[in-house]
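K.L.:
Here's a structure for you.
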Amino acid sequence: MFPHTRLRRLRRRKMIPLLAETHIGKDDLIAPLFFDETAVNPIPIISMPGQYRWPVSMAEEVVIRLNNAGIRAILLFGIPSVKDAEACGAYAPDGVIQQVIRAMKKACPEMAIITDLCACEYTDHGHCGYIGECLDGPGLLNDTSLEMMQLIAVSHADAGADIVAPSCMLDGMVSAIREALDDYGHHEVLIMSYSSKFASSLYGPFREAAGSGFSFGDRTGYQAPVSNRREAYRESELDAAEGADILMVKPAGWFGDIITDIKQIGLPVAAYQVSGEYSMIRAAAEKGWLEERQVAMESLLSLKRAGADLIITYFAEDVCRWLDE
């Protein structure tokens with residue numbers, strides 16, 4: 001006890017780096033990327049300053065740049081040239097993501113390529129599968145949509161994806177995808193499930209980035225309520241039982257308690273710092289209200305402290321530069 005115990009001794013400037021309990025390294029980071037099949041040049045995402053929709057022709061250039069920066073994993077989202085009710089572009093052999101995977105694998109085989117496995121960017125209604133009549137009116141059909149997820153997963157694996165990441169929050173999605181991957185010989189392809197994905201208000205900028213707004217309703221019927229901690233845990237627990245290799249909490253910053261909970265399941269945990277989290281920091285920094293680098297790094301350290309093994313963040317390339325400095 002005081003005066004013999006003085007915690008401020010541990011906080012001398014030269015001691016702080018030596019005694020830090022939590023660290024961020026380049027290997028912790030996954031960079032999300034958007035590729036637009038119609039783009040000729042990079043298209044700035046207005047609501048996400050510093051982020052772009054990339055043309056397919058730049059896939060090799062982008063992956064080499066990120067690899068040189070020290071990033072070892074990327075998460076791909078695609079914007080197709082044509083959308084329809086069945087999301088045919090999501091599993092077409094020459095679809096936007098399939099083209100990007102092949103180009104990146106050729107240019108940089110050491111990069112771990114993760115693909116967002118969903119349909120909302122590819123359907124003309126903006127929902128994550130097939131639509132039909134449900135108890136509350138038109139809505140997402142769970143079981144038939146699992147067949148669509150199987151088609152998408154196999155097509156991504158055929159193109160060379162290392163990890164598929166189902167984000168549709170369908171009941172039974174992990175077991176269905178694992179079965180399909182194994183049936184087609186993709187036993188070594190991992191599943192990183194968006195297992196505890198909340199119906200959050202923080203996805204707004206992503207709608208612009210991925211062109212994934214919905215034409216009716218919303219996604220509260222299949223994403224977890226932000227109020228429900230036990231339900232979020234059960235979602236991840238079930239996905240682990242179905243064969244997920246990595247679990248995910250999305251969004252990340254306001255859900256540190258969920259990250260800590262999910263960590264107890266025993267699988268690697270990824271935390272997705274989503275578009276709204278990124279845009280708030282960027283916007284406040286542009287106004288001069290916050291210091292971007294300090295706030296961004298603090299936000300990521302908090303996710304590691306909560307228990308995240310991997311962090312998906314739009315700051316990934318910036319963090320690599322900051323760490324080098």
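Residue numbering restarts at 1 in every chain; chains get A, B, ... in the order shown in the structure tokens, and ligands count up from 1 in that same order.
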Find the residues near Leu66 of chain A: any atom within 10 Å, counting only C-alpha atoms, skip ones fewer than 4 places away on the same chain, and give them as a PyMOL selection string.

P.N.:
chain A and resi 31+61-62+70-74+111+316-317+320

K.L.:
Considering only C-alpha atoms, return as an MDAnalysis selection string whatever protein or nucleic-acid residues lie within 12 Å of Pro109 of chain A, sequence-local ones (same chain, fewer than 2 positions apart) excluded.

P.N.:
chainID A and resid 60 63:64 67 72:73 101:107 111:113 160:162

K.L.:
Near Ile152 of chain A, within 9 Å and counting only C-alpha atoms, which residues show up once chain neighbours fewer than 6 positions away are dropped, as a PDB file with N, CA, C and O atoms, in the first residue's frame?

P.N.:
```pdb
ATOM      1  N   ALA A  90     -22.900 -13.136 -58.142  1.00  0.00           N
ATOM      2  CA  ALA A  90     -22.120 -13.497 -56.956  1.00  0.00           C
ATOM      3  C   ALA A  90     -21.392 -14.822 -57.123  1.00  0.00           C
ATOM      4  O   ALA A  90     -20.330 -15.033 -56.528  1.00  0.00           O
ATOM      5  N   TYR A  91     -21.963 -15.726 -57.926  1.00  0.00           N
ATOM      6  CA  TYR A  91     -21.340 -17.042 -58.091  1.00  0.00           C
ATOM      7  C   TYR A  91     -20.969 -17.345 -59.542  1.00  0.00           C
ATOM      8  O   TYR A  91     -20.621 -18.476 -59.888  1.00  0.00           O
ATOM      9  N   ALA A  92     -20.989 -16.336 -60.399  1.00  0.00           N
ATOM     10  CA  ALA A  92     -20.559 -16.525 -61.782  1.00  0.00           C
ATOM     11  C   ALA A  92     -19.055 -16.784 -61.832  1.00  0.00           C
ATOM     12  O   ALA A  92     -18.293 -16.122 -61.120  1.00  0.00           O
ATOM     13  N   LEU A 117     -18.884 -13.298 -48.125  1.00  0.00           N
ATOM     14  CA  LEU A 117     -19.788 -14.239 -48.781  1.00  0.00           C
ATOM     15  C   LEU A 117     -21.218 -13.832 -48.445  1.00  0.00           C
ATOM     16  O   LEU A 117     -21.741 -14.146 -47.382  1.00  0.00           O
ATOM     17  N   CYS A 118     -21.805 -13.092 -49.360  1.00  0.00           N
ATOM     18  CA  CYS A 118     -23.167 -12.601 -49.167  1.00  0.00           C
ATOM     19  C   CYS A 118     -23.750 -12.291 -50.540  1.00  0.00           C
ATOM     20  O   CYS A 118     -23.097 -12.514 -51.557  1.00  0.00           O
ATOM     21  N   ALA A 119     -24.956 -11.766 -50.554  1.00  0.00           N
ATOM     22  CA  ALA A 119     -25.607 -11.484 -51.830  1.00  0.00           C
ATOM     23  C   ALA A 119     -26.140 -10.072 -51.934  1.00  0.00           C
ATOM     24  O   ALA A 119     -26.617  -9.669 -52.996  1.00  0.00           O
TER      25      ALA A 119
END
```

K.L.:
With only C-alpha atoms as the atoms that count, which of A:Val319, A:Ile163, A:Met15, A:Cys88 lies nearest to Glu298 of chain A?

P.N.:
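Of all the options, A:Val319 lies closest to Glu298 of chain A.
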
K.L.:
Counting only C-alpha atoms, what is within 10 Å of Tyr314 of chain A, bar same-chain residues fewer than 4 positions away, as a ChimeraX atom specification?

P.N.:
/A:29-33,48,50-51,272-275,277-279,318-319

K.L.:
Would you work out the distance separating atom CA of Ile312 of chain A from atom CA of Ala159 of chain A, expressed in Å to one decimal?

P.N.:
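Distance between the two atoms: 22.3 Å.
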
K.L.:
Assign secondary structure with DSSP using the backbone only, and return the residues of segment 175-266 of chain A in strand (DSSP E or B) as a PyMOL selection string.

P.N.:
chain A and resi 190-198+224+246-250

K.L.:
Write the residues of the preceding selection, restricted to C-alpha atoms, as a CSV table (one decimal), in the first residue's frame.

P.N.:
```csv
chain,number,residue,atom,x,y,z
A,190,LEU,CA,-11.4,-21.7,-43.9
A,191,ILE,CA,-14.7,-20.2,-42.8
A,192,MET,CA,-14.6,-16.9,-41.0
A,193,SER,CA,-18.2,-16.4,-39.9
A,194,TYR,CA,-19.8,-13.1,-39.3
A,195,SER,CA,-21.2,-14.9,-36.3
A,196,SER,CA,-22.2,-12.1,-34.0
A,197,LYS,CA,-23.3,-9.4,-36.4
A,198,PHE,CA,-25.5,-6.7,-35.1
A,224,ALA,CA,-28.8,-9.5,-33.9
A,246,ILE,CA,-12.8,-18.0,-37.1
A,247,LEU,CA,-15.6,-16.1,-35.4
A,248,MET,CA,-16.3,-12.4,-35.9
A,249,VAL,CA,-17.9,-9.6,-34.0
A,250,LYS,CA,-19.3,-6.7,-36.1
```

K.L.:
What's the 7 Å shell around segment 261-269 of chain A, counting only C-alpha atoms, without same-chain residues fewer than 5 positions away, as an mmCIF file with C-alpha atoms, in the first residue's frame?

P.N.:
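Result went into selection.cif, see below:
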```
data_model
loop_
_atom_site.group_PDB
_atom_site.id
_atom_site.type_symbol
_atom_site.label_atom_id
_atom_site.label_comp_id
_atom_site.auth_asym_id
_atom_site.auth_seq_id
_atom_site.Cartn_x
_atom_site.Cartn_y
_atom_site.Cartn_z
ATOM 1 C CA TYR A 233 -23.029 -15.269 -27.787
ATOM 2 C CA SER A 236 -21.233 -17.505 -32.260
ATOM 3 C CA GLU A 237 -21.521 -20.635 -30.157
ATOM 4 C CA ASP A 245 -12.732 -21.733 -38.065
ATOM 5 C CA ILE A 246 -12.810 -18.041 -37.051
ATOM 6 C CA LEU A 247 -15.610 -16.099 -35.354
ATOM 7 C CA MET A 248 -16.332 -12.415 -35.900
ATOM 8 C CA GLY A 307 -9.639 -10.164 -26.908
ATOM 9 C CA ALA A 308 -9.614 -9.768 -30.695
ATOM 10 C CA ASP A 309 -6.991 -11.840 -32.486
ATOM 11 C CA LEU A 310 -7.605 -10.157 -35.842
#
```

K.L.:
Just checking: using only C-alpha atoms, which residue out of A:Pro251, A:Gly288, A:Pro205, A:Pro166 ends up closest to Cys120 of chain A?

P.N.:
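Once distances to Cys120 of chain A are computed over only C-alpha atoms, the minimum belongs to A:Pro166.
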
K.L.:
Where in segment 134-255 of chain A does DSSP assign helix (DSSP H, G or I), given as a ChimeraX atom specification?

P.N.:
/A:142-159,173-183,201-210,229-242

K.L.:
So that I can see what lies close to Met149 of chain A, please list as a PyMOL selection string the residues with an atom at most 12 Å from it, counting only C-alpha atoms and leaving out residues fewer than 3 positions away in the same chain.

P.N.:
chain A and resi 86-88+90-91+116-120+128-130+142-146+152-156+164-181
